[in-house]
Amino acid sequence: MGSLASGLRQDLRGAAAAVADLCWPRRCPGCDEALVPEGGPVQRSFCAPCAATLEVPGDACPRCAGVVVTGRGCQDCRRLGEPSFALLRSACSYGGAIAAALQRLKWQHRDDLAAPLATLLVDPLRDAA
């Protein structure tokens, strides 16, 4: 009986989310256009053209997340010594849709963008664990 109630609850949540999306469509954090959620976390958060501008960083400096030329960190941070934290991760390189979304979040007080931007951190944080 418990699994039936649990399944019914999930169905109702899904239906409520679908109605909410019809009444208040989600908007792309990068361009602010209405979007239809589909695919993985990036596709659910950003429209396809904006998702194409998101660049996942490669090897990064543990202090500033800047580009690493050698395996020991970036040239600027190597002279500063060891950082006081264990690890720093960046979900995307700053530019394109991510820059536009972060500027909207910060300067236009668009707190509604915090959740879609946070979804971008899931994989880098999971990989770091």
# chains A, B, ... in the order shown; residues from 1 in each chain; ligands from 1

call {"tool": "residues_around", "arguments": {"residues": "Ser90 in chain A", "least_positions_apart": "4", "cutoff": "8 Å", "atoms": "only C-alpha atoms", "output": "list in words"}}
result
Pro57, Ala65, Leu121 and Pro124 of chain A

call {"tool": "write_last_selection", "arguments": {"atoms": "C-alpha atoms", "output": "PDB file, in the first residue's frame"}}
result
ATOM      1  CA  PRO A  57      37.234  24.082 -17.887  1.00  0.00           C
ATOM      2  CA  ALA A  65      40.515  27.923 -10.911  1.00  0.00           C
ATOM      3  CA  LEU A 121      27.894  22.499 -10.025  1.00  0.00           C
ATOM      4  CA  PRO A 124      32.116  18.990 -10.770  1.00  0.00           C
TER       5      PRO A 124
END

call {"tool": "atom_distance", "arguments": {"atom1": "CA of Ser93 in chain A", "atom2": "CA of Leu54 in chain A"}}
result
7.2 Å

call {"tool": "residues_around", "arguments": {"residues": "Cys31 in chain A", "least_positions_apart": "4", "cutoff": "8 Å", "atoms": "only C-alpha atoms", "output": "list in words"}}
result
Cys50, Ala97, Ala100 and Ala101 of chain A

call {"tool": "atom_distance", "arguments": {"atom1": "CA of Val56 in chain A", "atom2": "CA of Pro25 in chain A"}}
result
26.9 Å
